[in-house]
$ cat input22.pdb   # PDB, C-alpha atoms
ATOM      1  CA  MET C   1      40.086 163.445  73.268  1.00  0.00           C
ATOM      2  CA  PRO C   2      43.251 165.264  72.160  1.00  0.00           C
ATOM      3  CA  ILE C   3      46.703 164.315  73.413  1.00  0.00           C
ATOM      4  CA  THR C   4      47.821 166.640  76.223  1.00  0.00           C
ATOM      5  CA  GLU C   5      51.146 167.596  77.789  1.00  0.00           C
ATOM      6  CA  ALA C   6      50.221 165.332  80.707  1.00  0.00           C
ATOM      7  CA  ASP C   7      49.782 162.440  78.244  1.00  0.00           C
ATOM      8  CA  ARG C   8      53.275 163.140  76.896  1.00  0.00           C
ATOM      9  CA  LYS C   9      54.702 163.143  80.431  1.00  0.00           C
ATOM     10  CA  TRP C  10      53.111 159.803  81.319  1.00  0.00           C
ATOM     11  CA  MET C  11      54.110 158.161  78.044  1.00  0.00           C
ATOM     12  CA  ARG C  12      57.727 159.239  78.625  1.00  0.00           C
ATOM     13  CA  LEU C  13      57.479 157.495  81.991  1.00  0.00           C
ATOM     14  CA  ALA C  14      56.111 154.376  80.270  1.00  0.00           C
ATOM     15  CA  LEU C  15      59.097 154.485  77.898  1.00  0.00           C
ATOM     16  CA  SER C  16      61.389 154.655  80.910  1.00  0.00           C
ATOM     17  CA  GLU C  17      59.635 151.593  82.347  1.00  0.00           C
ATOM     18  CA  ALA C  18      60.185 149.805  79.021  1.00  0.00           C
ATOM     19  CA  GLU C  19      63.916 150.439  79.278  1.00  0.00           C
ATOM     20  CA  SER C  20      63.892 148.727  82.686  1.00  0.00           C
ATOM     21  CA  ALA C  21      62.920 145.472  80.981  1.00  0.00           C
ATOM     22  CA  LEU C  22      66.271 145.390  79.204  1.00  0.00           C
ATOM     23  CA  ALA C  23      68.051 144.549  82.471  1.00  0.00           C
ATOM     24  CA  THR C  24      66.303 141.166  82.534  1.00  0.00           C
ATOM     25  CA  ASP C  25      66.460 140.551  78.760  1.00  0.00           C
ATOM     26  CA  ASP C  26      62.709 141.033  78.520  1.00  0.00           C
ATOM     27  CA  VAL C  27      61.057 142.681  75.531  1.00  0.00           C
ATOM     28  CA  PRO C  28      61.149 146.433  76.301  1.00  0.00           C
ATOM     29  CA  ILE C  29      57.509 147.297  76.863  1.00  0.00           C
ATOM     30  CA  GLY C  30      56.379 149.594  79.651  1.00  0.00           C
ATOM     31  CA  ALA C  31      53.070 150.715  81.128  1.00  0.00           C
ATOM     32  CA  VAL C  32      51.913 153.342  83.594  1.00  0.00           C
ATOM     33  CA  ALA C  33      48.470 153.621  85.223  1.00  0.00           C
ATOM     34  CA  VAL C  34      47.433 157.167  86.132  1.00  0.00           C
ATOM     35  CA  ARG C  35      44.492 158.433  88.170  1.00  0.00           C
ATOM     36  CA  GLN C  36      43.823 162.099  88.886  1.00  0.00           C
ATOM     37  CA  GLY C  37      47.336 163.123  87.907  1.00  0.00           C
ATOM     38  CA  ALA C  38      49.158 160.500  89.990  1.00  0.00           C
ATOM     39  CA  VAL C  39      50.829 157.224  89.056  1.00  0.00           C
ATOM     40  CA  ILE C  40      49.062 154.357  90.838  1.00  0.00           C
ATOM     41  CA  GLY C  41      50.610 151.483  88.890  1.00  0.00           C
ATOM     42  CA  ARG C  42      53.581 150.847  86.678  1.00  0.00           C
ATOM     43  CA  GLY C  43      55.168 147.885  85.048  1.00  0.00           C
ATOM     44  CA  TYR C  44      57.509 146.548  82.447  1.00  0.00           C
ATOM     45  CA  ASN C  45      57.655 143.161  80.795  1.00  0.00           C
ATOM     46  CA  ARG C  46      58.910 140.516  83.230  1.00  0.00           C
ATOM     47  CA  ARG C  47      58.077 137.291  81.390  1.00  0.00           C
ATOM     48  CA  GLU C  48      61.706 136.169  81.290  1.00  0.00           C
ATOM     49  CA  ALA C  49      62.556 137.439  84.777  1.00  0.00           C
ATOM     50  CA  ASP C  50      59.488 135.882  86.426  1.00  0.00           C
ATOM     51  CA  LYS C  51      59.144 132.872  84.091  1.00  0.00           C
ATOM     52  CA  ASP C  52      55.486 133.921  83.813  1.00  0.00           C
ATOM     53  CA  PRO C  53      53.642 134.192  80.490  1.00  0.00           C
ATOM     54  CA  THR C  54      51.212 136.706  82.028  1.00  0.00           C
ATOM     55  CA  ALA C  55      53.911 139.090  83.317  1.00  0.00           C
ATOM     56  CA  HIS C  56      53.214 141.723  80.679  1.00  0.00           C
ATOM     57  CA  ALA C  57      53.816 145.398  81.490  1.00  0.00           C
ATOM     58  CA  GLU C  58      50.102 146.204  81.254  1.00  0.00           C
ATOM     59  CA  ILE C  59      49.021 143.386  83.564  1.00  0.00           C
ATOM     60  CA  ILE C  60      51.589 144.402  86.173  1.00  0.00           C
ATOM     61  CA  ALA C  61      50.471 148.057  86.014  1.00  0.00           C
ATOM     62  CA  ILE C  62      46.784 147.046  86.202  1.00  0.00           C
ATOM     63  CA  ARG C  63      47.447 144.831  89.237  1.00  0.00           C
ATOM     64  CA  GLU C  64      49.327 147.631  91.008  1.00  0.00           C
ATOM     65  CA  ALA C  65      46.546 150.116  90.210  1.00  0.00           C
ATOM     66  CA  ALA C  66      43.871 147.773  91.562  1.00  0.00           C
ATOM     67  CA  ALA C  67      45.907 147.232  94.727  1.00  0.00           C
ATOM     68  CA  ALA C  68      46.434 150.985  95.156  1.00  0.00           C
ATOM     69  CA  LEU C  69      42.696 151.627  94.817  1.00  0.00           C
ATOM     70  CA  ASP C  70      41.740 148.492  96.743  1.00  0.00           C
ATOM     71  CA  ARG C  71      39.216 147.565  94.060  1.00  0.00           C
ATOM     72  CA  TRP C  72      39.109 145.870  90.706  1.00  0.00           C
ATOM     73  CA  ARG C  73      37.243 148.631  88.868  1.00  0.00           C
ATOM     74  CA  LEU C  74      39.701 151.073  87.356  1.00  0.00           C
ATOM     75  CA  ASP C  75      37.008 153.418  86.101  1.00  0.00           C
ATOM     76  CA  GLU C  76      39.012 156.621  86.627  1.00  0.00           C
ATOM     77  CA  VAL C  77      42.351 155.361  85.319  1.00  0.00           C
ATOM     78  CA  THR C  78      44.224 155.985  82.083  1.00  0.00           C
ATOM     79  CA  LEU C  79      46.756 153.356  81.077  1.00  0.00           C
ATOM     80  CA  TYR C  80      49.797 154.397  79.031  1.00  0.00           C
ATOM     81  CA  CYS C  81      51.583 151.602  77.152  1.00  0.00           C
ATOM     82  CA  THR C  82      54.535 151.671  74.811  1.00  0.00           C
ATOM     83  CA  LEU C  83      53.067 148.965  72.573  1.00  0.00           C
ATOM     84  CA  GLU C  84      49.522 148.172  71.524  1.00  0.00           C
ATOM     85  CA  PRO C  85      48.213 145.575  73.986  1.00  0.00           C
ATOM     86  CA  CYS C  86      47.804 141.905  73.146  1.00  0.00           C
ATOM     87  CA  SER C  87      44.468 140.115  73.531  1.00  0.00           C
ATOM     88  CA  MET C  88      45.171 139.157  77.169  1.00  0.00           C
ATOM     89  CA  CYS C  89      46.032 142.712  78.175  1.00  0.00           C
ATOM     90  CA  ALA C  90      43.207 144.284  76.167  1.00  0.00           C
ATOM     91  CA  GLY C  91      40.790 141.830  77.786  1.00  0.00           C
ATOM     92  CA  ALA C  92      42.071 142.776  81.231  1.00  0.00           C
ATOM     93  CA  MET C  93      41.476 146.449  80.406  1.00  0.00           C
ATOM     94  CA  VAL C  94      37.883 145.746  79.442  1.00  0.00           C
ATOM     95  CA  LEU C  95      37.314 143.629  82.545  1.00  0.00           C
ATOM     96  CA  ALA C  96      38.827 146.360  84.749  1.00  0.00           C
ATOM     97  CA  ARG C  97      36.426 148.906  83.185  1.00  0.00           C
ATOM     98  CA  LEU C  98      39.384 151.047  82.158  1.00  0.00           C
ATOM     99  CA  PRO C  99      38.003 154.172  80.461  1.00  0.00           C
ATOM    100  CA  ARG C 100      41.079 155.183  78.441  1.00  0.00           C
ATOM    101  CA  LEU C 101      44.173 153.636  76.904  1.00  0.00           C
ATOM    102  CA  VAL C 102      47.004 155.582  75.278  1.00  0.00           C
ATOM    103  CA  TYR C 103      49.600 153.508  73.471  1.00  0.00           C
ATOM    104  CA  ALA C 104      52.669 154.388  71.452  1.00  0.00           C
ATOM    105  CA  ALA C 105      53.446 151.849  68.702  1.00  0.00           C
ATOM    106  CA  GLY C 106      50.962 149.595  66.987  1.00  0.00           C
ATOM    107  CA  ASP C 107      51.545 145.856  66.942  1.00  0.00           C
ATOM    108  CA  PRO C 108      50.735 144.382  63.518  1.00  0.00           C
ATOM    109  CA  LYS C 109      51.459 140.840  64.766  1.00  0.00           C
ATOM    110  CA  ALA C 110      49.484 140.687  68.014  1.00  0.00           C
ATOM    111  CA  GLY C 111      47.710 144.015  68.547  1.00  0.00           C
ATOM    112  CA  ALA C 112      44.257 143.728  70.087  1.00  0.00           C
ATOM    113  CA  ALA C 113      43.301 147.414  70.181  1.00  0.00           C
ATOM    114  CA  GLY C 114      42.702 147.768  66.462  1.00  0.00           C
ATOM    115  CA  SER C 115      45.607 146.241  64.513  1.00  0.00           C
ATOM    116  CA  ILE C 116      44.510 142.606  64.279  1.00  0.00           C
ATOM    117  CA  ILE C 117      41.403 142.600  66.428  1.00  0.00           C
ATOM    118  CA  ASP C 118      39.813 145.204  68.630  1.00  0.00           C
ATOM    119  CA  ILE C 119      38.906 143.783  72.000  1.00  0.00           C
ATOM    120  CA  THR C 120      38.975 147.239  73.580  1.00  0.00           C
ATOM    121  CA  ARG C 121      35.998 148.412  71.519  1.00  0.00           C
ATOM    122  CA  HIS C 122      34.277 145.192  70.475  1.00  0.00           C
ATOM    123  CA  HIS C 123      30.575 145.834  69.989  1.00  0.00           C
ATOM    124  CA  ARG C 124      29.512 142.636  71.807  1.00  0.00           C
ATOM    125  CA  LEU C 125      31.399 143.408  75.019  1.00  0.00           C
ATOM    126  CA  ASN C 126      29.787 145.253  77.923  1.00  0.00           C
ATOM    127  CA  HIS C 127      32.541 147.876  78.234  1.00  0.00           C
ATOM    128  CA  HIS C 128      34.546 149.843  75.691  1.00  0.00           C
ATOM    129  CA  VAL C 129      37.905 151.492  76.214  1.00  0.00           C
ATOM    130  CA  HIS C 130      38.599 154.819  74.507  1.00  0.00           C
ATOM    131  CA  VAL C 131      41.882 154.324  72.636  1.00  0.00           C
ATOM    132  CA  GLU C 132      44.472 156.885  71.533  1.00  0.00           C
ATOM    133  CA  SER C 133      47.505 155.698  69.641  1.00  0.00           C
ATOM    134  CA  GLY C 134      50.752 156.928  68.128  1.00  0.00           C
ATOM    135  CA  LEU C 135      52.147 159.035  70.977  1.00  0.00           C
ATOM    136  CA  TYR C 136      55.943 158.559  70.808  1.00  0.00           C
ATOM    137  CA  ALA C 137      55.380 155.627  68.456  1.00  0.00           C
ATOM    138  CA  GLU C 138      58.767 155.954  66.750  1.00  0.00           C
ATOM    139  CA  GLU C 139      60.664 156.020  70.051  1.00  0.00           C
ATOM    140  CA  ALA C 140      58.843 152.928  71.293  1.00  0.00           C
ATOM    141  CA  ALA C 141      59.289 151.115  67.983  1.00  0.00           C
ATOM    142  CA  GLU C 142      63.016 151.910  67.886  1.00  0.00           C
ATOM    143  CA  LEU C 143      63.463 150.537  71.400  1.00  0.00           C
ATOM    144  CA  LEU C 144      61.873 147.280  70.223  1.00  0.00           C
ATOM    145  CA  ARG C 145      63.840 147.158  66.960  1.00  0.00           C
ATOM    146  CA  ALA C 146      67.137 147.683  68.797  1.00  0.00           C
ATOM    147  CA  PHE C 147      66.263 144.913  71.264  1.00  0.00           C
ATOM    148  CA  PHE C 148      65.486 142.408  68.503  1.00  0.00           C
ATOM    149  CA  ARG C 149      68.555 143.434  66.467  1.00  0.00           C
ATOM    150  CA  ARG C 150      70.676 142.669  69.537  1.00  0.00           C
ATOM    151  CA  LEU C 151      68.958 139.288  70.019  1.00  0.00           C
ATOM    152  CA  ARG C 152      69.545 138.339  66.376  1.00  0.00           C
ATOM    153  CA  ALA C 153      73.207 139.404  66.594  1.00  0.00           C
ATOM    154  CA  GLN C 154      73.689 137.312  69.760  1.00  0.00           C
ATOM    155  CA  SER C 155      72.120 134.245  68.179  1.00  0.00           C
ATOM    156  CA  GLN C 156      74.382 134.553  65.119  1.00  0.00           C
ATOM    157  CA  GLY C 157      77.541 135.129  67.161  1.00  0.00           C
TER     158      GLY C 157
END
$ encode --input "input22.pdb" --output "structure tokens"
Amino acid sequence: MPITEADRKWMRLALSEAESALATDDVPIGAVAVRQGAVIGRGYNRREADKDPTAHAEIIAIREAAAALDRWRLDEVTLYCTLEPCSMCAGAMVLARLPRLVYAAGDPKAGAAGSIIDITRHHRLNHHVHVESGLYAEEAAELLRAFFRRLRAQSQG
């Protein structure tokens, strides 16, 4: 499935969500859940703010989408994320029956949609998520690099 102008619009919104994480000193990762051209869930990392190891942007957006639809099956939803999901988030996408994931930057340290492992399309699982990657990858990666540069500078100062 080719990347569309709508995909670009939603990923820009996910990048905006990622920037919101900076206010709470959380890693700047954002996610937006879209169904039939409307946002039904959004989130940004809140692990530090909520003191919750599961408060990832994707999980927050998935929870909001499920609440908006009043069901756990997200079978008509596309999730846009600024970073390749980890194993927890990729597993949640499979369990939610998410049909499509679009992410910006790959994660060579913890990516579970193809970089290290591929939970989203694992042949032994009962559902597979169609994955598109690389949309605004440089912008998302630079947001992360700047965040970690700032953290390193603070720890040295």
$ resolve_selection --input "input22.pdb" --expression "the PyMOL selection byres ((chain C and resi 113-117) around 12)" --output "PyMOL selection string"
chain C and resi 81+83-91+93-94+100-112+118-123+128-133
$ atom_distance --input "input22.pdb" --atom1 "CA of Arg8 in chain C" --atom2 "CA of Arg47 in chain C"
26.7 Å
$ resolve_selection --input "input22.pdb" --expression "the PyMOL selection byres ((chain C and resi 53-58) around 7)" --output "PyMOL selection string"
chain C and resi 29-31+43-47+51-52+59-62+81+89
$ write_last_selection --input "input22.pdb" --atoms "C-alpha atoms" --output "tab-separated table (two decimals), keeping the file's coordinate frame"
chain	number	residue	atom	x	y	z
C	29	ILE	CA	57.51	147.30	76.86
C	30	GLY	CA	56.38	149.59	79.65
C	31	ALA	CA	53.07	150.72	81.13
C	43	GLY	CA	55.17	147.88	85.05
C	44	TYR	CA	57.51	146.55	82.45
C	45	ASN	CA	57.66	143.16	80.80
C	46	ARG	CA	58.91	140.52	83.23
C	47	ARG	CA	58.08	137.29	81.39
C	51	LYS	CA	59.14	132.87	84.09
C	52	ASP	CA	55.49	133.92	83.81
C	59	ILE	CA	49.02	143.39	83.56
C	60	ILE	CA	51.59	144.40	86.17
C	61	ALA	CA	50.47	148.06	86.01
C	62	ILE	CA	46.78	147.05	86.20
C	81	CYS	CA	51.58	151.60	77.15
C	89	CYS	CA	46.03	142.71	78.18
$ atom_distance --input "input22.pdb" --atom1 "CA of Val77 in chain C" --atom2 "CA of Leu125 in chain C"
19.2 Å
$ atom_distance --input "input22.pdb" --atom1 "CA of Ile40 in chain C" --atom2 "CA of Thr78 in chain C"
10.1 Å
$ closest_residue --input "input22.pdb" --among "C:Glu5, C:Ala67, C:Val39, C:Ala21" --to "Leu79 in chain C" --atoms "all atoms listed in the file"
C:Val39
$ closest_residue --input "input22.pdb" --among "C:Ala68, C:Leu143, C:Ala153, C:Ile3" --to "Ala18 in chain C" --atoms "all atoms listed in the file"
C:Leu143
$ closest_residue --input "input22.pdb" --among "C:Tyr136, C:Tyr80, C:Phe147, C:Trp72" --to "Glu17 in chain C" --atoms "only C-alpha atoms"
C:Tyr80
$ closest_residue --input "input22.pdb" --among "C:Leu15, C:Leu74, C:Met1, C:Leu22" --to "Gly41 in chain C" --atoms "all atoms listed in the file"
C:Leu74
$ closest_residue --input "input22.pdb" --among "C:Glu64, C:Asp75, C:Asp70, C:Glu142" --to "Ala33 in chain C" --atoms "only C-alpha atoms"
C:Glu64
$ closest_residue --input "input22.pdb" --among "C:Ala96, C:Val27, C:Val32, C:Ala146" --to "Arg71 in chain C" --atoms "all atoms listed in the file"
C:Ala96
$ axis_aligned_box --input "input22.pdb" --around "range 112-117 of chain C" --padding-each-side "6 Å" --output "JSON"
{"center_x": 43.5, "center_y": 145.2, "center_z": 67.2, "size_x": 16.2, "size_y": 17.2, "size_z": 17.9}
